>>> print(open('upload.txt').read())   # compact mmCIF, C-alpha atoms and all ligand atoms
# COMPACT_ATOMS: atom_id res chain seq x y z
CA MET A 1 183.29 222.64 125.54
CA ALA A 2 180.65 222.40 122.86
CA ILE A 3 178.05 219.74 123.60
CA GLU A 4 178.73 218.08 120.22
CA THR A 5 182.39 217.60 121.24
CA ALA A 6 181.49 216.48 124.76
CA ILE A 7 179.25 213.76 123.35
CA LEU A 8 181.95 212.62 120.92
CA ASP A 9 184.50 212.50 123.77
CA LYS A 10 182.16 210.32 125.85
CA ILE A 11 181.73 207.99 122.88
CA LYS A 12 185.48 207.83 122.29
CA ALA A 13 186.03 206.95 125.97
CA ALA A 14 183.51 204.07 125.93
CA GLN A 15 184.17 200.57 124.65
CA THR A 16 180.47 199.69 124.51
CA ILE A 17 177.69 202.03 123.42
CA ILE A 18 174.04 201.01 123.69
CA ILE A 19 171.43 203.21 122.03
CA HIS A 20 167.85 203.24 123.36
CA ARG A 21 164.71 204.79 121.84
CA HIS A 22 161.14 205.41 122.96
CA GLN A 23 158.27 202.96 123.23
CA ARG A 24 155.91 202.70 120.26
CA PRO A 25 158.65 203.94 117.94
CA ASP A 26 158.20 206.12 114.87
CA PRO A 27 160.47 206.64 111.85
CA ASP A 28 162.34 209.51 113.53
CA CYS A 29 163.31 207.60 116.64
CA ILE A 30 164.23 204.46 114.70
CA GLY A 31 166.02 206.51 112.05
CA ALA A 32 168.05 208.48 114.59
CA GLN A 33 168.84 205.35 116.60
CA LEU A 34 169.85 203.01 113.77
CA ALA A 35 171.71 205.76 111.88
CA LEU A 36 173.71 206.60 115.00
CA ARG A 37 174.54 202.89 115.36
CA ASP A 38 175.68 202.75 111.71
CA ILE A 39 177.78 205.93 112.04
CA LEU A 40 179.47 204.72 115.24
CA GLN A 41 180.09 201.20 113.91
CA ALA A 42 181.65 202.61 110.73
CA SER A 43 183.69 205.23 112.62
CA PHE A 44 184.86 203.05 115.53
CA PRO A 45 185.04 199.45 114.28
CA ASP A 46 186.73 198.27 117.51
CA LYS A 47 183.83 199.36 119.71
CA THR A 48 180.66 197.39 120.41
CA VAL A 49 177.72 199.53 119.29
CA LEU A 50 174.20 198.22 119.88
CA ALA A 51 170.67 199.53 119.36
CA VAL A 52 167.88 198.05 121.44
CA GLY A 53 164.07 198.15 121.37
CA LYS A 54 160.99 196.04 120.84
CA HIS A 55 160.64 194.63 117.33
CA TYR A 56 157.88 196.12 115.15
CA PRO A 57 157.74 194.31 111.78
CA GLY A 58 156.20 197.40 110.14
CA PHE A 59 159.60 199.08 110.45
CA ASP A 60 161.71 196.24 109.03
CA TRP A 61 162.35 198.38 105.94
CA MET A 62 164.42 200.65 108.18
CA GLY A 63 166.44 197.88 109.84
CA GLN A 64 166.50 195.88 113.03
CA ALA A 65 167.52 196.57 116.60
CA ASP A 66 169.90 194.14 118.34
CA GLN A 67 168.02 191.51 120.31
CA ASP A 68 169.46 189.37 123.15
CA VAL A 69 171.77 192.00 124.64
CA ALA A 70 173.05 190.50 127.90
CA ASP A 71 172.71 192.40 131.20
CA GLU A 72 176.53 192.34 131.66
CA THR A 73 176.95 194.27 128.41
CA TYR A 74 175.53 197.32 130.21
CA LYS A 75 178.12 197.21 133.00
CA ASP A 76 180.61 199.70 131.55
CA ALA A 77 178.47 200.90 128.69
CA LEU A 78 177.66 204.40 127.58
CA VAL A 79 173.89 204.52 127.05
CA ILE A 80 172.53 207.05 124.56
CA VAL A 81 168.76 207.62 124.67
CA VAL A 82 167.40 209.24 121.51
CA ASP A 83 164.12 211.05 120.83
CA THR A 84 162.67 210.30 124.27
CA ALA A 85 161.42 213.13 126.46
CA ASN A 86 160.48 211.26 129.64
CA GLN A 87 162.13 208.39 131.48
CA PRO A 88 158.96 206.22 131.62
CA ARG A 89 158.80 206.35 127.79
CA VAL A 90 162.26 204.80 127.28
CA ASP A 91 161.89 201.40 125.64
CA GLY A 92 163.71 198.80 127.77
CA GLU A 93 164.29 198.83 131.50
CA ARG A 94 168.07 198.51 131.55
CA TRP A 95 169.06 201.90 130.17
CA GLN A 96 169.81 203.15 133.71
CA THR A 97 172.18 200.25 134.41
CA GLY A 98 174.96 201.56 132.15
CA LYS A 99 177.96 203.61 133.32
CA SER A 100 176.53 206.89 132.07
CA VAL A 101 173.63 208.20 130.03
CA VAL A 102 173.43 210.79 127.24
CA LYS A 103 170.04 212.16 126.16
CA ILE A 104 169.65 213.46 122.59
CA ASP A 105 166.17 214.77 121.82
CA HIS A 106 163.97 217.41 120.22
CA HIS A 107 160.99 217.34 122.62
CA PRO A 108 160.54 219.95 125.36
CA ASN A 109 162.99 218.99 128.10
CA ASP A 110 160.39 218.43 130.82
CA ASP A 111 162.32 215.50 132.29
CA ALA A 112 166.00 216.43 132.14
CA PHE A 113 167.52 212.98 132.66
CA GLY A 114 171.02 211.75 131.81
CA ASP A 115 174.59 212.81 132.65
CA LEU A 116 174.75 214.82 129.44
CA GLN A 117 171.81 216.21 127.53
CA TRP A 118 171.51 217.70 124.10
CA VAL A 119 167.94 218.85 123.63
CA LEU A 120 166.89 221.18 120.82
CA ASP A 121 163.13 221.48 121.00
CA GLN A 122 163.00 223.69 117.90
CA ALA A 123 164.62 220.98 115.75
CA SER A 124 162.30 219.19 113.34
CA SER A 125 163.48 215.78 114.44
CA THR A 126 166.14 213.91 116.37
CA SER A 127 167.43 212.67 113.01
CA GLU A 128 168.23 216.28 112.03
CA ILE A 129 170.14 216.71 115.32
CA ILE A 130 172.12 213.52 114.68
CA TYR A 131 173.08 214.83 111.22
CA ASP A 132 174.18 218.17 112.71
CA TRP A 133 176.24 216.27 115.29
CA PHE A 134 177.87 214.27 112.52
CA ALA A 135 178.60 217.43 110.48
CA VAL A 136 180.34 219.18 113.39
CA ASN A 137 182.47 216.08 114.05
CA ALA A 138 182.88 214.98 110.41
CA ALA A 139 186.68 214.76 110.75
CA ASP A 140 186.24 211.91 113.25
CA LEU A 141 183.16 210.23 111.81
CA THR A 142 182.01 208.22 108.79
CA MET A 143 178.46 208.33 107.44
CA PRO A 144 177.50 205.10 105.62
CA ASP A 145 174.89 205.47 102.86
CA ASN A 146 172.41 203.50 104.96
CA ALA A 147 172.79 205.95 107.87
CA ALA A 148 171.98 208.82 105.46
CA ARG A 149 168.90 206.88 104.29
CA LEU A 150 167.77 206.39 107.90
CA LEU A 151 168.26 210.04 108.85
CA TYR A 152 166.36 211.14 105.75
CA ALA A 153 163.55 208.72 106.70
CA GLY A 154 163.47 210.16 110.22
CA ILE A 155 163.24 213.74 109.00
CA VAL A 156 160.53 212.86 106.46
CA GLY A 157 158.58 211.08 109.20
CA ASP A 158 158.63 213.84 111.79
CA THR A 159 158.03 216.70 109.34
CA GLY A 160 155.16 215.00 107.49
CA ARG A 161 157.39 215.16 104.44
CA PHE A 162 158.61 218.73 105.11
CA MET A 163 155.13 220.06 105.74
CA TYR A 164 154.92 220.66 109.51
CA PRO A 165 156.02 224.05 110.89
CA ALA A 166 159.18 222.68 112.58
CA THR A 167 160.62 222.28 109.06
CA SER A 168 163.36 224.93 108.96
CA ALA A 169 165.97 226.12 106.47
CA ASN A 170 168.39 223.82 108.30
CA THR A 171 166.00 220.87 107.94
CA LEU A 172 165.92 221.31 104.17
CA ALA A 173 169.68 221.90 104.00
CA VAL A 174 170.27 218.69 105.95
CA ALA A 175 167.85 216.77 103.72
CA GLY A 176 169.70 218.13 100.69
CA LYS A 177 173.05 216.95 102.06
CA LEU A 178 171.59 213.53 102.86
CA LEU A 179 170.39 213.19 99.26
CA THR A 180 174.01 213.33 98.09
CA TYR A 181 174.46 209.83 99.58
CA ASP A 182 173.60 206.70 97.64
CA PHE A 183 170.03 205.66 98.54
CA SER A 184 166.59 206.00 97.02
CA ALA A 185 164.66 208.89 98.56
CA THR A 186 161.67 207.82 96.47
CA ALA A 187 161.69 204.39 98.09
CA VAL A 188 161.81 206.00 101.54
CA ASN A 189 159.00 208.46 100.73
CA GLN A 190 156.88 205.64 99.37
CA ALA A 191 157.52 203.38 102.36
CA GLU A 192 156.34 206.14 104.69
CA ASP A 193 153.39 207.22 102.59
CA GLU A 194 151.76 203.94 101.60
CA ILE A 195 148.91 202.50 103.64
CA THR A 196 147.25 199.09 103.62
CA PRO A 197 143.76 198.65 102.15
CA ALA A 198 142.41 198.27 105.71
CA LEU A 199 143.90 201.63 106.70
CA ALA A 200 142.52 203.22 103.54
CA ARG A 201 139.05 202.10 104.62
CA LEU A 202 139.66 203.34 108.16
CA SER A 203 140.68 206.71 106.64
CA ALA A 204 137.32 206.85 104.88
CA TYR A 205 135.66 206.05 108.23
CA LEU A 206 137.59 208.91 109.84
CA TYR A 207 136.48 211.42 107.24
CA GLN A 208 132.88 210.22 107.50
CA ASN A 209 132.72 210.21 111.30
CA LEU A 210 135.04 212.97 112.49
CA GLU A 211 133.04 215.43 114.60
CA ILE A 212 133.99 219.03 113.86
CA LEU A 213 132.85 221.60 116.43
CA PRO A 214 132.10 225.21 115.42
CA SER A 215 135.37 226.32 117.08
CA GLY A 216 137.46 224.14 114.75
CA ALA A 217 138.17 221.49 117.39
CA ALA A 218 137.54 218.00 116.03
CA PHE A 219 137.55 214.51 117.47
CA LEU A 220 137.03 210.83 116.69
CA LYS A 221 136.74 207.86 119.03
CA LEU A 222 138.07 204.53 117.79
CA THR A 223 136.92 201.65 119.97
CA ASP A 224 138.37 198.15 119.67
CA GLU A 225 135.20 197.11 117.93
CA ILE A 226 135.57 199.77 115.22
CA VAL A 227 139.29 199.12 114.68
CA GLU A 228 138.74 195.36 114.48
CA SER A 229 135.85 195.78 112.05
CA PHE A 230 138.45 197.09 109.56
CA GLY A 231 140.53 193.94 109.99
CA LEU A 232 143.37 195.79 111.66
CA ALA A 233 145.55 193.63 113.87
CA ALA A 234 147.60 196.11 115.90
CA LYS A 235 146.08 199.33 117.14
CA ASP A 236 149.42 201.08 116.74
CA SER A 237 149.00 200.83 112.99
CA THR A 238 146.33 203.54 113.23
CA SER A 239 149.20 206.11 113.27
CA ALA A 240 148.83 206.81 109.55
CA ILE A 241 145.35 208.26 109.98
CA VAL A 242 146.23 210.67 112.81
CA PRO A 243 147.33 213.56 110.51
CA LEU A 244 144.28 213.30 108.22
CA PRO A 245 141.89 215.75 109.98
CA GLY A 246 144.53 218.46 109.42
CA LYS A 247 143.73 218.37 105.71
CA ILE A 248 140.24 219.74 106.41
CA THR A 249 140.01 223.54 106.07
CA THR A 250 137.73 224.02 109.09
CA VAL A 251 139.73 221.84 111.48
CA VAL A 252 142.20 223.68 113.75
CA ALA A 253 143.09 221.07 116.39
CA TRP A 254 141.96 217.50 116.88
CA ALA A 255 141.99 214.51 119.18
CA ILE A 256 141.78 210.87 118.17
CA PHE A 257 140.91 208.52 121.03
CA VAL A 258 142.11 204.97 120.43
CA GLU A 259 141.01 202.24 122.85
CA ALA A 260 143.94 200.48 124.54
CA LYS A 261 144.20 196.89 125.79
CA ASP A 262 143.19 197.96 129.30
CA HIS A 263 140.16 199.83 127.84
CA THR A 264 141.58 203.24 128.63
CA PHE A 265 141.95 205.49 125.57
CA ARG A 266 145.23 206.66 124.09
CA ILE A 267 144.69 210.30 123.11
CA ARG A 268 146.52 211.51 120.03
CA LEU A 269 146.41 215.28 119.83
CA ARG A 270 147.40 217.44 116.88
CA SER A 271 147.05 221.15 116.13
CA LYS A 272 147.51 223.64 113.32
CA GLY A 273 147.00 226.53 115.77
CA PRO A 274 147.14 226.61 119.59
CA SER A 275 149.67 224.59 121.58
CA ILE A 276 148.11 221.40 122.87
CA ASN A 277 150.94 220.01 125.03
CA GLU A 278 149.67 221.62 128.26
CA LEU A 279 146.30 219.96 127.67
CA ALA A 280 148.16 216.67 127.18
CA LYS A 281 150.06 217.19 130.44
CA ASN A 282 146.73 217.68 132.28
CA HIS A 283 145.90 214.12 131.24
CA GLY A 284 149.12 212.30 132.11
CA GLY A 285 150.89 212.92 128.81
CA GLY A 286 152.92 215.56 127.00
CA GLY A 287 154.73 216.18 123.75
CA HIS A 288 155.34 218.97 121.26
CA ALA A 289 153.33 222.18 120.92
CA LEU A 290 151.49 220.84 117.86
CA ALA A 291 151.68 217.04 118.39
CA SER A 292 151.07 215.47 121.78
CA GLY A 293 149.70 212.37 123.43
CA ALA A 294 147.96 211.47 126.67
CA THR A 295 145.52 208.98 128.20
CA ALA A 296 141.78 209.16 128.97
CA HIS A 297 140.65 206.69 131.61
CA ASP A 298 136.93 206.75 130.83
CA GLN A 299 134.23 208.48 128.79
CA ALA A 300 134.05 211.32 131.32
CA GLU A 301 137.73 212.11 130.71
CA ILE A 302 137.21 211.90 126.94
CA ASP A 303 134.40 214.45 127.26
CA GLN A 304 136.64 216.62 129.43
CA VAL A 305 139.46 216.54 126.86
CA ILE A 306 137.04 217.48 124.08
CA HIS A 307 135.77 220.36 126.22
CA GLU A 308 139.33 221.58 126.95
CA LEU A 309 140.28 221.30 123.28
CA ASP A 310 137.18 223.24 122.24
CA GLU A 311 138.04 226.03 124.72
CA LEU A 312 141.66 226.09 123.62
CA VAL A 313 140.75 226.49 119.95
CA ALA A 314 137.99 229.01 120.69
CA ASN A 315 140.48 231.16 122.68
CA ASP A 316 143.43 230.74 120.29
CA LYS A 317 145.47 233.94 120.10
CA GLY A 318 147.55 232.77 117.16
CA GLU A 319 150.71 232.16 119.24
CA ASN A 320 152.08 229.56 116.80
CA GLU A 321 151.47 231.47 113.59
P1 LIG B 401 151.74 210.21 119.13
O1 LIG B 401 150.34 210.68 118.96
O2 LIG B 401 151.83 208.99 119.97
O3 LIG B 401 152.44 210.11 117.82
O4 LIG B 401 152.51 211.30 119.96
C1 LIG B 401 152.82 212.58 119.49
C2 LIG B 401 153.87 213.19 120.39
O5 LIG B 401 153.37 213.30 121.70
C3 LIG B 401 155.12 212.34 120.48
O6 LIG B 401 156.16 213.00 119.84
C4 LIG B 401 155.40 212.20 121.94
O7 LIG B 401 156.50 212.96 122.30
C5 LIG B 401 154.26 212.80 122.67
N1 LIG B 401 153.56 211.84 123.52
C6 LIG B 401 152.67 210.91 123.13
N2 LIG B 401 152.19 210.21 124.18
C7 LIG B 401 152.81 210.72 125.26
C8 LIG B 401 152.75 210.43 126.67
N3 LIG B 401 151.95 209.48 127.16
N4 LIG B 401 153.54 211.16 127.48
C9 LIG B 401 154.34 212.13 127.01
N5 LIG B 401 154.43 212.45 125.71
C10 LIG B 401 153.68 211.77 124.84
>>> encode(input="upload.txt", output="structure tokens", more="lines below")
Ligand code: AMP
Amino acid sequence: MAIETAILDKIKAAQTIIIHRHQRPDPDCIGAQLALRDILQASFPDKTVLAVGKHYPGFDWMGQADQDVADETYKDALVIVVDTANQPRVDGERWQTGKSVVKIDHHPNDDAFGDLQWVLDQASSTSEIIYDWFAVNAADLTMPDNAARLLYAGIVGDTGRFMYPATSANTLAVAGKLLTYDFSATAVNQAEDEITPALARLSAYLYQNLEILPSGAAFLKLTDEIVESFGLAAKDSTSAIVPLPGKITTVVAWAIFVEAKDHTFRIRLRSKGPSINELAKNHGGGGHALASGATAHDQAEIDQVIHELDELVANDKGENE
């Protein structure tokens, strides 16, 4: 049986469906999650369909997760985890307490959890996968306009507005179909593109202070002190500046080290050339070939990551071209 049908059958058999996402969400994971909730609520009005996850006000334009879901609700529930490669990254502890688990994702399947998995690591985004799932099962499903808006937002988010290499002919075809629904793509594009004045100033800081090595490896360290000096409240809101080094012609791959509450450094790795996910795995993280994350525990590990990145770029054989 095709996986798309198997997932639909599991949904049909469940009275309660609870959709989880990853910690520190992005537009793709929220878009895929809330769109799936909208599709299932519209298609199966007699079922209870919930989406859970920590509230981040910066994403209120996309919608809200359901808060106050009782433990008993999980008892016979089907749990669907979207856009989350590894079990420790699932937002919320109770996802394993449901009756069964389905994983839908587009990251490398390093941690193959769940009773059913649908993982397409070549897909641009989990939102694109959710649309494809809807299209295969369109006879049984309804797509509300808001779900189309959310899926479009997810695709725009994970492709850097159709710029990153995972953007395929299918990605653009899906985006085209989504635009036939009634929502403002301009409003979505603007919501994802705009930055606050504080972030604009931090962007200027990044361009002024980014160190670019002769190999094309580049890095920037953002301590608490620096981030706070720009009047930024939450460190997570530095996400918007992570792609910026990629605009520089001489930069091939880069690392941004952002100090965490416990004074370790969250490493945000990006590449236009060599795969950087193995490097990320060496430092307790992982991710996609060209976008990964990890943790550096001290300055020595930061130096080590910079060294490994430098070597990786210097020895790049053009595997991702
Ligand atoms: P970020 O820089 O946080 O936007 O992360 C980029 C990508 O790397 C995401 O799509 C995640 O899949 C992955 N990633 C980030 N941090 C981790 C981590 N600690 N462990 C595994 N994967 C990660």
>>> residues_near_ligand(input="upload.txt", ligand="ligand LIG 401 (chain B)", cutoff="9 Å", atoms="all atoms listed in the file", output="short mmCIF file (atom, residue, chain, number, x, y, z; two decimals) with C-alpha atoms, in the coordinates of the input")
data_model
loop_
_atom_site.label_atom_id
_atom_site.label_comp_id
_atom_site.auth_asym_id
_atom_site.auth_seq_id
_atom_site.Cartn_x
_atom_site.Cartn_y
_atom_site.Cartn_z
CA HIS A 22 161.14 205.41 122.96
CA ARG A 24 155.91 202.70 120.26
CA PRO A 25 158.65 203.94 117.94
CA ASP A 26 158.20 206.12 114.87
CA ASP A 83 164.12 211.05 120.83
CA THR A 84 162.67 210.30 124.27
CA ALA A 85 161.42 213.13 126.46
CA ASN A 86 160.48 211.26 129.64
CA PRO A 88 158.96 206.22 131.62
CA ARG A 89 158.80 206.35 127.79
CA HIS A 106 163.97 217.41 120.22
CA HIS A 107 160.99 217.34 122.62
CA PRO A 108 160.54 219.95 125.36
CA ASP A 158 158.63 213.84 111.79
CA ASP A 236 149.42 201.08 116.74
CA SER A 239 149.20 206.11 113.27
CA VAL A 242 146.23 210.67 112.81
CA ILE A 256 141.78 210.87 118.17
CA ARG A 266 145.23 206.66 124.09
CA ILE A 267 144.69 210.30 123.11
CA ARG A 268 146.52 211.51 120.03
CA LEU A 269 146.41 215.28 119.83
CA ARG A 270 147.40 217.44 116.88
CA ASN A 277 150.94 220.01 125.03
CA ALA A 280 148.16 216.67 127.18
CA LYS A 281 150.06 217.19 130.44
CA HIS A 283 145.90 214.12 131.24
CA GLY A 284 149.12 212.30 132.11
CA GLY A 285 150.89 212.92 128.81
CA GLY A 286 152.92 215.56 127.00
CA GLY A 287 154.73 216.18 123.75
CA HIS A 288 155.34 218.97 121.26
CA ALA A 289 153.33 222.18 120.92
CA LEU A 290 151.49 220.84 117.86
CA ALA A 291 151.68 217.04 118.39
CA SER A 292 151.07 215.47 121.78
CA GLY A 293 149.70 212.37 123.43
CA ALA A 294 147.96 211.47 126.67
CA THR A 295 145.52 208.98 128.20
#
>>> residues_around(input="upload.txt", residues="Ala240 (chain A)", least_positions_apart="2", cutoff="10 Å", atoms="all atoms listed in the file", output="short mmCIF file (atom, residue, chain, number, x, y, z; two decimals) with C-alpha atoms, in the frame of the given file")
data_model
loop_
_atom_site.label_atom_id
_atom_site.label_comp_id
_atom_site.auth_asym_id
_atom_site.auth_seq_id
_atom_site.Cartn_x
_atom_site.Cartn_y
_atom_site.Cartn_z
CA GLU A 192 156.34 206.14 104.69
CA ASP A 193 153.39 207.22 102.59
CA GLU A 194 151.76 203.94 101.60
CA ILE A 195 148.91 202.50 103.64
CA THR A 196 147.25 199.09 103.62
CA LEU A 199 143.90 201.63 106.70
CA ALA A 200 142.52 203.22 103.54
CA LEU A 202 139.66 203.34 108.16
CA SER A 203 140.68 206.71 106.64
CA ASP A 236 149.42 201.08 116.74
CA SER A 237 149.00 200.83 112.99
CA THR A 238 146.33 203.54 113.23
CA VAL A 242 146.23 210.67 112.81
CA PRO A 243 147.33 213.56 110.51
CA LEU A 244 144.28 213.30 108.22
#
>>> residues_around(input="upload.txt", residues="Arg94 (chain A)", least_positions_apart="4", cutoff="12 Å", atoms="all atoms listed in the file", output="ChimeraX atom specification")
/A:18-20,52-53,69-75,77-81,87-88,90,98-101
>>> write_last_selection(input="upload.txt", atoms="C-alpha atoms", output="PDB file, in the coordinates of the input")
ATOM      1  CA  ILE A  18     174.040 201.010 123.690  1.00  0.00           C
ATOM      2  CA  ILE A  19     171.430 203.210 122.030  1.00  0.00           C
ATOM      3  CA  HIS A  20     167.850 203.240 123.360  1.00  0.00           C
ATOM      4  CA  VAL A  52     167.880 198.050 121.440  1.00  0.00           C
ATOM      5  CA  GLY A  53     164.070 198.150 121.370  1.00  0.00           C
ATOM      6  CA  VAL A  69     171.770 192.000 124.640  1.00  0.00           C
ATOM      7  CA  ALA A  70     173.050 190.500 127.900  1.00  0.00           C
ATOM      8  CA  ASP A  71     172.710 192.400 131.200  1.00  0.00           C
ATOM      9  CA  GLU A  72     176.530 192.340 131.660  1.00  0.00           C
ATOM     10  CA  THR A  73     176.950 194.270 128.410  1.00  0.00           C
ATOM     11  CA  TYR A  74     175.530 197.320 130.210  1.00  0.00           C
ATOM     12  CA  LYS A  75     178.120 197.210 133.000  1.00  0.00           C
ATOM     13  CA  ALA A  77     178.470 200.900 128.690  1.00  0.00           C
ATOM     14  CA  LEU A  78     177.660 204.400 127.580  1.00  0.00           C
ATOM     15  CA  VAL A  79     173.890 204.520 127.050  1.00  0.00           C
ATOM     16  CA  ILE A  80     172.530 207.050 124.560  1.00  0.00           C
ATOM     17  CA  VAL A  81     168.760 207.620 124.670  1.00  0.00           C
ATOM     18  CA  GLN A  87     162.130 208.390 131.480  1.00  0.00           C
ATOM     19  CA  PRO A  88     158.960 206.220 131.620  1.00  0.00           C
ATOM     20  CA  VAL A  90     162.260 204.800 127.280  1.00  0.00           C
ATOM     21  CA  GLY A  98     174.960 201.560 132.150  1.00  0.00           C
ATOM     22  CA  LYS A  99     177.960 203.610 133.320  1.00  0.00           C
ATOM     23  CA  SER A 100     176.530 206.890 132.070  1.00  0.00           C
ATOM     24  CA  VAL A 101     173.630 208.200 130.030  1.00  0.00           C
TER      25      VAL A 101
END
>>> atom_distance(input="upload.txt", atom1="CA of Leu279 (chain A)", atom2="CA of Val313 (chain A)")
11.5 Å
>>> axis_aligned_box(input="upload.txt", around="region 213-225 of chain A", padding_each_side="5 Å", output="AutoDock Vina command-line options")
--center_x 135.2 --center_y 211.7 --center_z 117.4 --size_x 16.3 --size_y 39.2 --size_z 15.2
>>> closest_residue(input="upload.txt", among="A:Ser43, A:Thr5, A:Thr186, A:Asn209", to="Leu116 (chain A)", atoms="only C-alpha atoms")
A:Thr5
>>> residues_around(input="upload.txt", residues="Asn189 (chain A)", least_positions_apart="2", cutoff="12 Å", atoms="all atoms listed in the file", output="list in words")
Pro27, Trp61, Arg149, Leu150, Tyr152, Ala153, Gly154, Ile155, Val156, Gly157, Thr159, Gly160, Arg161, Phe162, Phe183, Ser184, Ala185, Thr186, Ala187, Ala191, Glu192, Asp193 and Glu194 of chain A
>>> residues_near_point(input="upload.txt", point="(176.1, 214.8, 126.4)", cutoff="7 Å", atoms="all atoms listed in the file", output="ChimeraX atom specification")
/A:3,6-7,102-103,115-118
>>> closest_residue(input="upload.txt", among="A:Ile302, A:Ala65, A:Ile241, A:Ala255", to="Leu206 (chain A)", atoms="only C-alpha atoms")
A:Ile241
>>> closest_residue(input="upload.txt", among="A:Ser124, A:Thr167, A:Thr250, A:Gln64", to="Leu50 (chain A)", atoms="all atoms listed in the file")
A:Gln64
>>> closest_residue(input="upload.txt", among="A:Asn137, A:Pro144, A:Val251, A:Gln41", to="Asp9 (chain A)", atoms="only C-alpha atoms")
A:Asn137
>>> atom_distance(input="upload.txt", atom1="CA of Ala175 (chain A)", atom2="CA of Ile276 (chain A)")
27.9 Å
>>> closest_residue(input="upload.txt", among="A:Val119, A:Ala42, A:Leu210, A:Ala147", to="Gly63 (chain A)", atoms="all atoms listed in the file")
A:Ala147
>>> residues_near_point(input="upload.txt", point="(134.1, 214.6, 120.6)", cutoff="10 Å", atoms="only C-alpha atoms", output="VMD selection string")
chain A and resid 210 to 213 217 to 221 254 to 257 302 to 307 309 to 310
>>> atom_distance(input="upload.txt", atom1="CA of Asp38 (chain A)", atom2="CA of Trp133 (chain A)")
14.0 Å
>>> closest_residue(input="upload.txt", among="A:Asp68, A:Pro57, A:Gln33, A:Gly216", to="Thr126 (chain A)", atoms="only C-alpha atoms")
A:Gln33
>>> residues_around(input="upload.txt", residues="Glu321 (chain A)", least_positions_apart="6", cutoff="9 Å", atoms="only C-alpha atoms", output="PDB file with C-alpha atoms, keeping the file's coordinate frame")
ATOM      1  CA  LYS A 272     147.510 223.640 113.320  1.00  0.00           C
ATOM      2  CA  GLY A 273     147.000 226.530 115.770  1.00  0.00           C
ATOM      3  CA  PRO A 274     147.140 226.610 119.590  1.00  0.00           C
TER       4      PRO A 274
END
